[in-house]
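Heads up: the structure comes next, in structure tokens.
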Amino acid sequence: MASILLLIAICCTGCGGTVEAEQEQAAYICNQTKQVFAASEVQNSNVNPKTGKSTLVRGMYCVKCDRWHPGPPKEAMANRAVQPTCPIHKTPLKSVGPIPLAAAE
Ligand SMILES: [Zn+2]
């Protein structure tokens with residue numbers, strides 16, 4: 001019986017790979033297309049990998065909106081005293097969140 005449970009445990013650990021894509025991570029959002037890119041997809045800190053234009057800004061995620069908002073400029077981000085908030089909910093935004101499926105294309 002114990003060995004069966006062990007096998008199930010190993011299986012579940014092995015299945016963890018599919019969950020990985022849904023892990024929260026940092027993202028960038030394009031000011032023009034509003035498309036969201038996972039930070040790991042972006043080679044050049046502000047260049048949209050699809051259009052090649054320098055239109056990306058750091059994305060900030062609102063849990064209530066369930067969407068990404070363009071983050072403040074780098075200078076403001078460097079100033080930790082400034083906490084970016086959602087323009088709609090006025091709640092603090094997160095620097096990580098779920099990446100939309102379209103970004104994984
Ligand atoms: Zn919001």
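Chain labels follow the order of the structure tokens: the first chain is A, the next B, and so on; residue numbering restarts at 1 in every chain, and ligands are counted from 1 in their shown order.
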
> Can you tell me, as a list in words, what residues are no more than 10 Å from Val47 of chain A when counting only C-alpha atoms, ignoring any on the same chain fewer than 4 positions away?
Replying inline: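 Selected residues are Tyr28, Cys30, Val42, Gln43, Thr51, Gly52, Lys53, Ser54, Thr55, Leu56 and Val57 of chain A.
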
>> Hey, which residues sit close to ligand 1? Say within 12 Å, counting only C-alpha atoms and all ligand atoms, and write them as a list of chain:residue names.
In response: A:Met60, A:Tyr61, A:Cys62, A:Val63, A:Lys64, A:Cys65, A:Asp66, A:Arg67, A:Trp68, A:His69, A:Pro70, A:Pro84, A:Thr85, A:Cys86, A:Pro87, A:Ile88, A:His89, A:Lys90, A:Thr91, A:Pro92, A:Leu93, A:Lys94

> From the list A:Ala39, A:Pro98, A:Pro49, A:Pro72, which residue is nearest Ala27 of chain A when using only C-alpha atoms?
Replying inline: A:Ala39

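Coordinates place atom CA of Gln23 of chain A at a distance of 15.0 Å from atom CA of Val36 of chain A.
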
> For the atom pair atom CA of Pro100 of chain A and atom CA of Gln32 of chain A, what is the interatomic distance in Å to one decimal place?
Replying inline: 17.1 Å

> For Ile29 of chain A, which of A:Gln83, A:Gly97, A:Asn48, A:Gly59 is the closest residue, counting only C-alpha atoms?
Replying inline: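 Smallest separation from Ile29 of chain A among the options: A:Gly59.
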